[in-house]
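Have a look at input_37.cif; it's mmCIF, N, CA and C atoms:
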```
data_run
#
loop_
_atom_site.label_atom_id
_atom_site.label_comp_id
_atom_site.auth_asym_id
_atom_site.auth_seq_id
_atom_site.Cartn_x
_atom_site.Cartn_y
_atom_site.Cartn_z
N MET J 1 29.95 37.44 64.85
CA MET J 1 30.02 38.40 63.76
C MET J 1 28.62 38.94 63.49
N LYS J 2 28.53 40.16 63.11
CA LYS J 2 27.24 40.79 62.87
C LYS J 2 26.64 40.34 61.54
N THR J 3 25.32 40.40 61.47
CA THR J 3 24.63 40.14 60.22
C THR J 3 24.96 41.25 59.24
N VAL J 4 25.21 40.89 57.99
CA VAL J 4 25.56 41.87 56.97
C VAL J 4 24.39 42.82 56.77
N SER J 5 23.19 42.31 56.67
CA SER J 5 21.96 43.11 56.61
C SER J 5 20.82 42.22 57.06
N LYS J 6 19.59 42.74 56.98
CA LYS J 6 18.45 41.95 57.45
C LYS J 6 18.28 40.63 56.70
N THR J 7 18.62 40.60 55.43
CA THR J 7 18.40 39.39 54.64
C THR J 7 19.71 38.73 54.19
N GLN J 8 20.83 39.19 54.72
CA GLN J 8 22.11 38.60 54.36
C GLN J 8 22.74 37.97 55.59
N TYR J 9 23.35 36.80 55.40
CA TYR J 9 23.93 36.06 56.50
C TYR J 9 25.40 35.75 56.20
N THR J 10 26.23 35.88 57.20
CA THR J 10 27.62 35.45 57.06
C THR J 10 27.63 33.93 56.98
N ILE J 11 28.76 33.35 56.63
CA ILE J 11 28.84 31.90 56.50
C ILE J 11 28.53 31.22 57.83
N SER J 12 29.01 31.78 58.94
CA SER J 12 28.73 31.18 60.26
C SER J 12 27.26 31.26 60.60
N GLN J 13 26.65 32.40 60.34
CA GLN J 13 25.22 32.56 60.62
C GLN J 13 24.40 31.61 59.75
N PHE J 14 24.76 31.57 58.48
CA PHE J 14 24.01 30.71 57.57
C PHE J 14 24.18 29.24 57.93
N ALA J 15 25.39 28.85 58.28
CA ALA J 15 25.64 27.46 58.67
C ALA J 15 24.76 27.09 59.86
N ALA J 16 24.69 27.97 60.85
CA ALA J 16 23.84 27.70 62.02
C ALA J 16 22.37 27.65 61.62
N LEU J 17 21.97 28.54 60.74
CA LEU J 17 20.58 28.62 60.30
C LEU J 17 20.12 27.35 59.59
N VAL J 18 20.99 26.77 58.76
CA VAL J 18 20.62 25.58 57.97
C VAL J 18 21.17 24.29 58.58
N ASN J 19 21.77 24.42 59.77
CA ASN J 19 22.28 23.26 60.50
C ASN J 19 23.34 22.48 59.70
N LEU J 20 24.25 23.21 59.11
CA LEU J 20 25.41 22.63 58.44
C LEU J 20 26.65 23.34 58.99
N THR J 21 27.79 22.80 58.70
CA THR J 21 29.02 23.47 59.13
C THR J 21 29.50 24.41 58.03
N PRO J 22 30.27 25.42 58.40
CA PRO J 22 30.88 26.26 57.37
C PRO J 22 31.74 25.42 56.39
N TYR J 23 32.39 24.39 56.93
CA TYR J 23 33.18 23.50 56.07
C TYR J 23 32.30 22.86 54.99
N THR J 24 31.13 22.38 55.39
CA THR J 24 30.22 21.75 54.42
C THR J 24 29.76 22.76 53.39
N LEU J 25 29.45 23.96 53.81
CA LEU J 25 29.04 25.00 52.86
C LEU J 25 30.16 25.30 51.87
N ARG J 26 31.39 25.37 52.35
CA ARG J 26 32.53 25.61 51.45
C ARG J 26 32.72 24.42 50.50
N TYR J 27 32.52 23.22 51.01
CA TYR J 27 32.62 22.01 50.18
C TYR J 27 31.56 22.05 49.08
N TYR J 28 30.32 22.35 49.44
CA TYR J 28 29.26 22.45 48.44
C TYR J 28 29.60 23.52 47.40
N GLU J 29 30.18 24.61 47.87
CA GLU J 29 30.59 25.66 46.94
C GLU J 29 31.68 25.15 46.00
N SER J 30 32.65 24.40 46.53
CA SER J 30 33.74 23.89 45.69
C SER J 30 33.23 22.91 44.64
N LEU J 31 32.13 22.24 44.93
CA LEU J 31 31.52 21.31 43.96
C LEU J 31 30.60 22.02 42.97
N GLY J 32 30.34 23.30 43.23
CA GLY J 32 29.45 24.05 42.35
C GLY J 32 27.98 23.90 42.70
N LEU J 33 27.70 23.34 43.87
CA LEU J 33 26.31 23.14 44.28
C LEU J 33 25.71 24.39 44.91
N LEU J 34 26.54 25.25 45.39
CA LEU J 34 26.11 26.44 46.10
C LEU J 34 26.98 27.60 45.63
N LYS J 35 26.34 28.73 45.36
CA LYS J 35 27.08 29.90 44.89
C LYS J 35 26.73 31.11 45.74
N PRO J 36 27.44 31.25 46.87
CA PRO J 36 27.17 32.43 47.71
C PRO J 36 27.64 33.70 47.01
N LYS J 37 27.03 34.76 47.39
CA LYS J 37 27.46 36.06 46.87
C LYS J 37 28.66 36.53 47.69
N ARG J 38 29.32 37.56 47.20
CA ARG J 38 30.48 38.11 47.90
C ARG J 38 30.27 39.60 48.15
N ASP J 39 30.72 40.04 49.32
CA ASP J 39 30.63 41.48 49.60
C ASP J 39 31.87 42.17 49.02
N GLN J 40 32.02 43.45 49.30
CA GLN J 40 33.14 44.22 48.74
C GLN J 40 34.49 43.71 49.21
N ALA J 41 34.52 43.08 50.37
CA ALA J 41 35.77 42.51 50.90
C ALA J 41 35.93 41.04 50.48
N GLN J 42 35.09 40.58 49.56
CA GLN J 42 35.10 39.21 49.04
C GLN J 42 34.73 38.15 50.09
N ARG J 43 34.03 38.56 51.14
CA ARG J 43 33.51 37.61 52.11
C ARG J 43 32.19 37.06 51.61
N ARG J 44 32.02 35.75 51.80
CA ARG J 44 30.77 35.11 51.39
C ARG J 44 29.61 35.66 52.21
N TYR J 45 28.46 35.75 51.55
CA TYR J 45 27.23 35.97 52.30
C TYR J 45 26.10 35.23 51.60
N TYR J 46 25.10 34.92 52.38
CA TYR J 46 23.96 34.13 51.91
C TYR J 46 22.69 34.91 52.15
N GLU J 47 21.68 34.58 51.35
CA GLU J 47 20.38 35.25 51.47
C GLU J 47 19.29 34.23 51.71
N LYS J 48 18.09 34.73 51.95
CA LYS J 48 16.98 33.83 52.28
C LYS J 48 16.71 32.77 51.22
N GLN J 49 16.84 33.11 49.94
CA GLN J 49 16.57 32.12 48.90
C GLN J 49 17.59 30.98 48.93
N ASP J 50 18.76 31.22 49.52
CA ASP J 50 19.76 30.17 49.67
C ASP J 50 19.29 29.09 50.64
N ILE J 51 18.44 29.46 51.58
CA ILE J 51 17.89 28.49 52.52
C ILE J 51 17.04 27.47 51.76
N ALA J 52 16.18 27.96 50.88
CA ALA J 52 15.33 27.06 50.09
C ALA J 52 16.19 26.17 49.20
N TRP J 53 17.25 26.72 48.64
CA TRP J 53 18.12 25.93 47.76
C TRP J 53 18.82 24.82 48.55
N ILE J 54 19.32 25.14 49.73
CA ILE J 54 19.94 24.12 50.58
C ILE J 54 18.92 23.04 50.95
N ASP J 55 17.71 23.46 51.28
CA ASP J 55 16.66 22.49 51.60
C ASP J 55 16.41 21.55 50.42
N PHE J 56 16.35 22.12 49.21
CA PHE J 56 16.11 21.30 48.02
C PHE J 56 17.29 20.34 47.79
N LEU J 57 18.51 20.83 47.94
CA LEU J 57 19.67 19.95 47.79
C LEU J 57 19.62 18.80 48.79
N ARG J 58 19.19 19.11 50.01
CA ARG J 58 19.07 18.05 51.02
C ARG J 58 18.03 17.01 50.61
N HIS J 59 16.93 17.46 50.03
CA HIS J 59 15.93 16.50 49.56
C HIS J 59 16.51 15.61 48.47
N LEU J 60 17.19 16.22 47.53
CA LEU J 60 17.80 15.44 46.46
C LEU J 60 18.82 14.46 47.03
N LYS J 61 19.66 14.93 47.91
CA LYS J 61 20.68 14.09 48.53
C LYS J 61 20.02 12.97 49.34
N GLY J 62 18.92 13.30 49.98
CA GLY J 62 18.18 12.32 50.78
C GLY J 62 17.58 11.20 49.96
N THR J 63 17.44 11.41 48.67
CA THR J 63 16.92 10.34 47.80
C THR J 63 18.01 9.34 47.44
N GLY J 64 19.25 9.67 47.81
CA GLY J 64 20.37 8.82 47.44
C GLY J 64 21.12 9.36 46.23
N MET J 65 20.72 10.53 45.79
CA MET J 65 21.39 11.15 44.65
C MET J 65 22.86 11.36 45.00
N THR J 66 23.75 10.98 44.10
CA THR J 66 25.18 11.11 44.34
C THR J 66 25.60 12.57 44.15
N MET J 67 26.77 12.90 44.64
CA MET J 67 27.29 14.25 44.44
C MET J 67 27.49 14.53 42.95
N THR J 68 27.91 13.53 42.21
CA THR J 68 28.08 13.70 40.76
C THR J 68 26.74 14.01 40.10
N GLU J 69 25.69 13.30 40.52
CA GLU J 69 24.35 13.57 39.97
C GLU J 69 23.87 14.95 40.39
N LEU J 70 24.15 15.33 41.63
CA LEU J 70 23.77 16.67 42.08
C LEU J 70 24.48 17.74 41.26
N GLN J 71 25.76 17.54 41.01
CA GLN J 71 26.52 18.50 40.20
C GLN J 71 25.93 18.59 38.79
N LYS J 72 25.59 17.45 38.22
CA LYS J 72 25.00 17.44 36.88
C LYS J 72 23.68 18.21 36.88
N TYR J 73 22.85 17.96 37.88
CA TYR J 73 21.57 18.65 37.99
C TYR J 73 21.78 20.15 38.06
N VAL J 74 22.72 20.59 38.91
CA VAL J 74 22.98 22.02 39.09
C VAL J 74 23.48 22.63 37.78
N ARG J 75 24.37 21.92 37.09
CA ARG J 75 24.87 22.43 35.80
C ARG J 75 23.74 22.57 34.79
N LEU J 76 22.87 21.56 34.72
CA LEU J 76 21.75 21.62 33.79
C LEU J 76 20.81 22.75 34.15
N ARG J 77 20.54 22.92 35.43
CA ARG J 77 19.64 23.98 35.88
C ARG J 77 20.19 25.35 35.50
N ALA J 78 21.49 25.50 35.62
CA ALA J 78 22.13 26.78 35.31
C ALA J 78 22.04 27.11 33.82
N GLN J 79 21.87 26.08 32.99
CA GLN J 79 21.80 26.30 31.54
C GLN J 79 20.42 26.76 31.08
N GLY J 80 19.45 26.68 31.96
CA GLY J 80 18.13 27.20 31.63
C GLY J 80 17.14 26.13 31.18
N ASP J 81 15.98 26.63 30.73
CA ASP J 81 14.85 25.76 30.42
C ASP J 81 15.11 24.77 29.28
N GLN J 82 16.10 25.04 28.45
CA GLN J 82 16.36 24.11 27.35
C GLN J 82 16.86 22.76 27.87
N THR J 83 17.21 22.66 29.17
CA THR J 83 17.68 21.39 29.73
C THR J 83 16.62 20.69 30.58
N ILE J 84 15.40 21.16 30.52
CA ILE J 84 14.35 20.56 31.36
C ILE J 84 14.19 19.07 31.07
N LYS J 85 14.20 18.68 29.81
CA LYS J 85 14.05 17.25 29.48
C LYS J 85 15.18 16.42 30.08
N GLU J 86 16.39 16.95 30.06
CA GLU J 86 17.52 16.24 30.65
C GLU J 86 17.38 16.15 32.17
N ARG J 87 16.88 17.21 32.77
CA ARG J 87 16.67 17.20 34.22
C ARG J 87 15.58 16.20 34.59
N ILE J 88 14.53 16.15 33.79
CA ILE J 88 13.47 15.17 34.03
C ILE J 88 14.05 13.76 33.97
N SER J 89 14.85 13.50 32.95
CA SER J 89 15.46 12.18 32.80
C SER J 89 16.32 11.83 34.01
N LEU J 90 17.13 12.77 34.45
CA LEU J 90 17.98 12.54 35.62
C LEU J 90 17.14 12.27 36.86
N LEU J 91 16.13 13.09 37.08
CA LEU J 91 15.29 12.92 38.27
C LEU J 91 14.48 11.63 38.21
N GLN J 92 14.09 11.20 37.01
CA GLN J 92 13.37 9.92 36.88
C GLN J 92 14.27 8.75 37.27
N LYS J 93 15.55 8.83 36.90
CA LYS J 93 16.49 7.78 37.29
C LYS J 93 16.67 7.76 38.81
N VAL J 94 16.77 8.94 39.39
CA VAL J 94 16.90 9.04 40.84
C VAL J 94 15.65 8.49 41.52
N GLU J 95 14.50 8.83 40.97
CA GLU J 95 13.23 8.33 41.53
C GLU J 95 13.16 6.81 41.46
N ALA J 96 13.56 6.24 40.33
CA ALA J 96 13.53 4.78 40.16
C ALA J 96 14.46 4.10 41.17
N LYS J 97 15.66 4.66 41.34
CA LYS J 97 16.59 4.10 42.33
C LYS J 97 16.00 4.20 43.73
N GLY J 98 15.36 5.32 44.02
CA GLY J 98 14.74 5.52 45.33
C GLY J 98 13.61 4.53 45.57
N GLN J 99 12.78 4.31 44.55
CA GLN J 99 11.68 3.34 44.68
C GLN J 99 12.22 1.94 44.93
N THR J 100 13.33 1.60 44.28
CA THR J 100 13.96 0.29 44.50
C THR J 100 14.45 0.18 45.93
N LYS J 101 15.07 1.24 46.44
CA LYS J 101 15.54 1.24 47.82
C LYS J 101 14.39 1.11 48.81
N ILE J 102 13.27 1.77 48.51
CA ILE J 102 12.10 1.67 49.38
C ILE J 102 11.59 0.24 49.42
N LYS J 103 11.52 -0.41 48.27
CA LYS J 103 11.07 -1.81 48.22
C LYS J 103 12.00 -2.71 49.03
N GLU J 104 13.31 -2.50 48.89
CA GLU J 104 14.28 -3.30 49.64
C GLU J 104 14.13 -3.05 51.14
N LEU J 105 13.97 -1.80 51.52
CA LEU J 105 13.80 -1.46 52.93
C LEU J 105 12.53 -2.09 53.48
N ASN J 106 11.44 -2.01 52.72
CA ASN J 106 10.18 -2.61 53.17
C ASN J 106 10.32 -4.12 53.35
N LYS J 107 11.04 -4.76 52.44
CA LYS J 107 11.26 -6.21 52.55
C LYS J 107 12.06 -6.52 53.81
N ASN J 108 13.10 -5.75 54.06
CA ASN J 108 13.92 -5.96 55.25
C ASN J 108 13.13 -5.70 56.53
N LEU J 109 12.31 -4.66 56.51
CA LEU J 109 11.47 -4.37 57.68
C LEU J 109 10.44 -5.47 57.92
N GLN J 110 9.96 -6.07 56.85
CA GLN J 110 9.01 -7.18 56.99
C GLN J 110 9.68 -8.35 57.71
N ILE J 111 10.93 -8.63 57.39
CA ILE J 111 11.66 -9.71 58.06
C ILE J 111 11.84 -9.38 59.54
N VAL J 112 12.17 -8.12 59.83
CA VAL J 112 12.30 -7.70 61.22
C VAL J 112 10.97 -7.87 61.95
N GLN J 113 9.88 -7.50 61.29
CA GLN J 113 8.56 -7.65 61.91
C GLN J 113 8.26 -9.12 62.19
N HIS J 114 8.60 -9.99 61.25
CA HIS J 114 8.40 -11.43 61.48
C HIS J 114 9.25 -11.92 62.65
N LYS J 115 10.47 -11.42 62.76
CA LYS J 115 11.33 -11.83 63.87
C LYS J 115 10.73 -11.37 65.19
N LEU J 116 10.23 -10.12 65.22
CA LEU J 116 9.57 -9.63 66.43
C LEU J 116 8.36 -10.50 66.78
N ASP J 117 7.55 -10.82 65.77
CA ASP J 117 6.38 -11.68 66.01
C ASP J 117 6.81 -13.04 66.54
N TRP J 118 7.88 -13.58 65.96
CA TRP J 118 8.38 -14.90 66.39
C TRP J 118 8.80 -14.85 67.86
N TYR J 119 9.54 -13.79 68.23
CA TYR J 119 9.96 -13.66 69.63
C TYR J 119 8.75 -13.53 70.55
N ARG J 120 7.80 -12.69 70.17
CA ARG J 120 6.60 -12.50 71.02
C ARG J 120 5.81 -13.81 71.15
N ASP J 121 5.64 -14.49 70.01
CA ASP J 121 4.91 -15.77 70.05
C ASP J 121 5.67 -16.81 70.87
N LYS J 122 6.99 -16.78 70.81
CA LYS J 122 7.81 -17.71 71.58
C LYS J 122 7.60 -17.45 73.08
N LEU J 123 7.60 -16.17 73.47
CA LEU J 123 7.37 -15.83 74.87
C LEU J 123 5.98 -16.26 75.35
N GLN J 124 5.01 -16.23 74.45
CA GLN J 124 3.63 -16.60 74.81
C GLN J 124 3.37 -18.09 74.63
N GLY J 125 4.38 -18.83 74.26
CA GLY J 125 4.23 -20.27 74.11
C GLY J 125 3.50 -20.68 72.84
N LYS J 126 3.38 -19.80 71.87
CA LYS J 126 2.70 -20.11 70.61
C LYS J 126 3.64 -20.75 69.59
N ILE J 127 4.92 -20.78 69.87
CA ILE J 127 5.92 -21.36 68.98
C ILE J 127 6.48 -22.60 69.66
N ALA J 128 6.54 -23.69 68.92
CA ALA J 128 7.10 -24.93 69.47
C ALA J 128 8.57 -24.72 69.83
N GLU J 129 9.01 -25.39 70.88
CA GLU J 129 10.40 -25.27 71.34
C GLU J 129 11.41 -25.56 70.24
N ASN J 130 11.09 -26.50 69.37
CA ASN J 130 12.05 -26.91 68.34
C ASN J 130 11.90 -26.14 67.03
N GLU J 131 10.96 -25.20 66.96
CA GLU J 131 10.77 -24.43 65.73
C GLU J 131 11.75 -23.25 65.70
N ASP J 132 12.62 -23.26 64.70
CA ASP J 132 13.56 -22.14 64.58
C ASP J 132 12.94 -21.05 63.71
N PHE J 133 13.62 -19.91 63.67
CA PHE J 133 13.08 -18.76 62.93
C PHE J 133 12.96 -19.06 61.44
N GLY J 134 13.92 -19.79 60.88
CA GLY J 134 13.87 -20.14 59.46
C GLY J 134 12.61 -20.91 59.11
N SER J 135 12.24 -21.85 59.95
CA SER J 135 11.01 -22.62 59.72
C SER J 135 9.78 -21.72 59.84
N TYR J 136 9.80 -20.85 60.86
CA TYR J 136 8.70 -19.90 61.05
C TYR J 136 8.57 -18.99 59.83
N LEU J 137 9.71 -18.49 59.35
CA LEU J 137 9.73 -17.57 58.22
C LEU J 137 9.24 -18.24 56.94
N ALA J 138 9.52 -19.52 56.80
CA ALA J 138 9.11 -20.26 55.60
C ALA J 138 7.58 -20.25 55.42
N LYS J 139 6.85 -20.09 56.51
CA LYS J 139 5.39 -20.03 56.43
C LYS J 139 4.91 -18.82 55.63
N PHE J 140 5.74 -17.78 55.55
CA PHE J 140 5.33 -16.53 54.91
C PHE J 140 5.86 -16.42 53.48
N LYS J 141 6.68 -17.35 53.06
CA LYS J 141 7.23 -17.28 51.69
C LYS J 141 6.14 -17.61 50.69
N GLU J 142 6.17 -16.89 49.61
CA GLU J 142 5.15 -17.12 48.59
C GLU J 142 5.71 -17.94 47.46
#
```
As structure tokens, please, write out the structure in this file.
Amino acid sequence: MKTVSKTQYTISQFAALVNLTPYTLRYYESLGLLKPKRDQAQRRYYEKQDIAWIDFLRHLKGTGMTMTELQKYVRLRAQGDQTIKERISLLQKVEAKGQTKIKELNKNLQIVQHKLDWYRDKLQGKIAENEDFGSYLAKFKE
């Protein structure tokens, strides 16, 4: 299908541009996360600023923000600057949850690193034959 104009994209073009499916774009629209414009024939079209909005939604979603939280954020944003404090509060909660996830991931990665070290040391003969990973790991517990 042809481009509507230089800065307007059909749903298929836009989906390819932002690496999403048309189905996902329609789903986001049904949730109120995305509001494409319509041409005279009521066909959806997207513009360049929609790319930035999709990118921002992906960042929010990437933090672990739920669809319900995303919908709330979009509703608050649509209400204007009088909701900035509410948006800050929502984003602070998302940030706190994200920081907790990062700490958990770092802890899990540390265990994986210890397991890798244990295997490498075992291959190099630095670990006694009868020493299991639990005993090795206990050396690092605080």
Run DSSP on the backbone and give me the residues of chain J it puts in alpha helix (DSSP H), as number ranges by chain. J: 11-18, 22-31, 48-62, 67-78, 84-123, 133-138
Which centre and edge lengths in Å to one decimal define the box along x, y and z that fits every listed atom of region 121-136 of chain J plus 3 Å per side, as lines of an AutoDock Vina configuration file?
```
center_x = 8.3
center_y = -20.7
center_z = 67.2
size_x = 17.2
size_y = 18.4
size_z = 22.2
```
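Using only C-alpha atoms, the nearest neighbour of Arg77 (chain J) within the list J:Leu20, J:Leu109, J:Ile54, J:Leu33 is J:Leu33.
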Taking only N, CA and C atoms into account, produce a table as a tab-separated table in which each residue of region 81-131 of chain J with an atom at most 8 Å from an atom of region 62-70 of chain J appears once, together with its shortest atom pair and the distance in Å to one decimal, ordered by chain and rising number.
```
residue	atom	partner	partner_atom	distance
J:Leu90	CA	J:Glu69	CA	7.8
J:Val94	CA	J:Met65	CA	6.3
J:Glu95	N	J:Thr63	C	7.4
J:Lys97	C	J:Thr63	C	6.7
J:Gly98	CA	J:Thr63	C	5.5
J:Gln99	N	J:Thr63	C	7.8
```
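Remark: for Arg75 (chain J), the closest of the candidate residues J:Gly32, J:Glu129, J:Val18, J:Tyr45 is J:Gly32 (distances computed over all atoms listed in the file).
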Residue with the minimum atom-to-atom distance to Leu91 (chain J), picked from J:Leu105, J:Lys37, J:Leu60, J:Lys126 with only C-alpha atoms counted, is J:Leu60
Excluding Thr7 (chain J) and residues on its chain fewer than 3 positions from it, collect all residues at most 6 Å away from it, counting only N, CA and C atoms, and give them as a short mmCIF file (atom, residue, chain, number, x, y, z; two decimals) with N, CA and C atoms, in the coordinates of the input.
```cif
data_model
loop_
_atom_site.label_atom_id
_atom_site.label_comp_id
_atom_site.auth_asym_id
_atom_site.auth_seq_id
_atom_site.Cartn_x
_atom_site.Cartn_y
_atom_site.Cartn_z
N TYR J 46 25.10 34.92 52.38
CA TYR J 46 23.96 34.13 51.91
C TYR J 46 22.69 34.91 52.15
N GLU J 47 21.68 34.58 51.35
CA GLU J 47 20.38 35.25 51.47
C GLU J 47 19.29 34.23 51.71
N LYS J 48 18.09 34.73 51.95
CA LYS J 48 16.98 33.83 52.28
C LYS J 48 16.71 32.77 51.22
#
```
DSSP on the backbone: which residues in region 1-111 of chain J end up as strand (DSSP E or B)? Give the answer as a ChimeraX atom specification. /J:5,8-9,37-38,44-47
Students should find that CA of Asp50 (chain J) and CA of Gln82 (chain J) are spaced 23.4 Å
Quick check, in Å to one decimal: how far apart do CA of Glu29 (chain J) and CA of Gly80 (chain J) lie?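 Interatomic distance, CA of Glu29 (chain J) to CA of Gly80 (chain J): 19.8 Å.
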Best match for closeness to Ile11 (chain J) among J:Ile88, J:Arg58, J:Asn130, J:Arg43, counting all atoms listed in the file: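 When distances to Ile11 (chain J) are compared using all atoms listed in the file, the smallest one comes from J:Arg43.
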What is the CA of Lys72 (chain J) to CA of Trp53 (chain J) distance in Å?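 Atom-to-atom, CA of Lys72 (chain J) to CA of Trp53 (chain J), that is 15.4 Å.
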Can you tell me which residues surround Pro22 (chain J) at a distance of at most 6.5 Å, considering only N, CA and C atoms, apart from same-chain residues fewer than 4 positions away, and format the answer as a list of chain:residue names?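 Contacts, with the query itself left out: J:Ile11, J:Ser12, J:Ala15, J:Arg26, J:Tyr27.
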